[in-house]
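Below is one structure, written out as structure tokens; the observations come after it.
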Amino acid sequence: MSQLPVALITGGGTGIGAATARRLLSDGYAVVVAGRRRDRLDAVVTELGEAASAVQLDVTDDTSVRDAVAGLTRLDVLVNNAGGALGLGPVEDGDLAEWEAMYATNVLGTVRMVQTALPLLRRSPHATVVNISSIAGERVYAGGAGYVAAKHGESVVSETLRLELNGEHVRVVDIRPGMVQTEEFSLTRLHGNREAADKVYEGVDRPLVADDVAACVAFAVGLPQHVNIDTLVVKPVAQAAPHLLHRGPIDWREKP
């Protein structure tokens with residue numbers, strides 16, 4: 001495993017994180033999936049085989065992050081995927097505990113991972129930080145202010161870090177997906193309300209899936225080291241903008 005370049009992926013037990021682990025492993029990386037739920041991480045490792053390993057990690061906890069990174073002898077790519085949304089309501093009566101939780105994971109969690117991992121990353125000729133932000137970070141929408149603010153903060157961290165590392169060989173990539181249908185994102189945001197979560201994607205012809213975002217990560221990581229994808233915005237064709245989503249069939253003109 002030590003002979004392979006190593007990618008550490010937070011939020012690696014499900015969704016985009018797990019898909020990214022699969023994709024980078026197929027591209028020749030040893031992958032370390034990190035997250036809070038050991039059972040999910042172990043399932044990914046069992047699926048991927050000996051080039052994968054798991055580390056239980058909470059990005060909101062200093063000791064947890066330090067211990068996880070201290071267990072690595074090499075790190076080439078850090079994918080900050082842990083985060084997510086909680087709640088969907090107006091600023092006027094927003095749940096500040098949820099706002100704080102979103103900021104703690106999406107923003108401070110990303111910063112904590114970067115601070116801890118940079119010394120190890122700097123040793124690698126392939127050093128790359130990939131932050132999974134969101135289109136929400138650049139386009140506001142009613143009811144989403146807590147998540148929008150957190151994702152804007154995460155993207156600002158990417159932009160600032162890139163300035164501060166100018167002159168070094170470390171790449172900083174900010175990927176901003178639009179609508180991605182995963183097993184947990186909307187369900188978590190809507191507090192386990194399955195019916196409401198399903199309605200988010202109702203009638204949308206081919207929303208993004210986790211593998212689509214993973215392909216974007218692999219593309220950015222796989223470019224020559226002197227090439228940096230600063231910001232990659234990726235949306236399904238059905239989503240022209242956060243406020244303009246087509247619900248209904250699309251004539252894809254598939255080849256017979």
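Ligands are numbered from 1 in the order shown, residues from 1 within each chain, and chains are lettered A, B, ... in the order they appear in the structure tokens.
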Set out as a Markdown table a contact list for segment 152-214 of chain A and segment 228-251 of chain A with a cut-off of 10 Å, giving each residue of segment 152-214 of chain A that qualifies its closest atom pair and distance in Å to one decimal, counting only C-alpha atoms, ordered by chain and rising residue number.
```
| residue | atom | partner | partner_atom | distance |
| --- | --- | --- | --- | --- |
| A:Ser155 | CA | A:Thr231 | CA | 8.9 |
| A:Ser158 | CA | A:Asp230 | CA | 8.6 |
| A:Glu159 | CA | A:Asp230 | CA | 8.0 |
| A:Arg162 | CA | A:Asp230 | CA | 8.4 |
| A:Val170 | CA | A:Asn228 | CA | 9.3 |
| A:Arg171 | CA | A:Asn228 | CA | 6.0 |
| A:Val172 | CA | A:Asp230 | CA | 6.7 |
| A:Val173 | CA | A:Asp230 | CA | 5.0 |
| A:Asp174 | CA | A:Thr231 | CA | 4.8 |
| A:Ile175 | CA | A:Leu232 | CA | 4.7 |
| A:Arg176 | CA | A:Val233 | CA | 4.7 |
| A:Pro177 | CA | A:Val234 | CA | 4.8 |
| A:Gly178 | CA | A:Lys235 | CA | 4.6 |
| A:Met179 | CA | A:Lys235 | CA | 6.3 |
| A:Val180 | CA | A:Pro236 | CA | 8.1 |
| A:Tyr201 | CA | A:Arg247 | CA | 8.5 |
| A:Glu202 | CA | A:Arg247 | CA | 7.2 |
| A:Gly203 | CA | A:Arg247 | CA | 4.6 |
| A:Val204 | CA | A:Arg247 | CA | 4.7 |
| A:Asp205 | CA | A:Pro249 | CA | 5.6 |
| A:Arg206 | CA | A:Pro236 | CA | 7.0 |
| A:Pro207 | CA | A:Pro236 | CA | 5.3 |
| A:Leu208 | CA | A:Pro236 | CA | 5.4 |
| A:Val209 | CA | A:Pro236 | CA | 9.2 |
| A:Asp212 | CA | A:Val234 | CA | 8.8 |
| A:Val213 | CA | A:Val234 | CA | 7.8 |
```
Checklist entry - Could you pull the residues within 12 Å of Ala145 of chain A, counting only C-alpha atoms, minus those fewer than 5 positions along the same chain, as an NGL selection string? => result :A and (85-96 or 98-99 or 102-103 or 136-140 or 150-153)
Checklist entry - Leaving out Gly222 of chain A and any residue of its chain fewer than 3 positions from it, which residues lie within 10 Å of it when counting only C-alpha atoms, given as an MDAnalysis selection string? => result chainID A and resid 24 27 126 216:219 225 227
Checklist entry - Neighbours of Val79 of chain A within 8 Å (only C-alpha atoms; same-chain residues fewer than 6 positions away dropped), as a PyMOL selection string? => result chain A and resi 7-10+129-132
Checklist outcome for this item: Counting only C-alpha atoms, closest pick from A:Met113, A:Ala214, A:Val55, A:Leu121 relative to Thr73 of chain A is A:Leu121
Checklist entry - Using only C-alpha atoms, which residue out of A:His226, A:Ala43, A:Leu118, A:Arg194 lies closest to Gly167 of chain A? => result A:His226
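Proximity ranking of A:Gly15, A:Leu4, A:Leu75, A:Ala51 relative to Arg123 of chain A places A:Leu75 first, based on only C-alpha atoms.
Taking atom CA of Val33 of chain A as the reference point, atom CA of Ser53 of chain A is found at 6.4 Å.
Among the candidates A:Asn193, A:Asn106, A:Thr46, A:Gln56, the residue lying nearest to Val156 of chain A is A:Asn106 (atoms considered: only C-alpha atoms).
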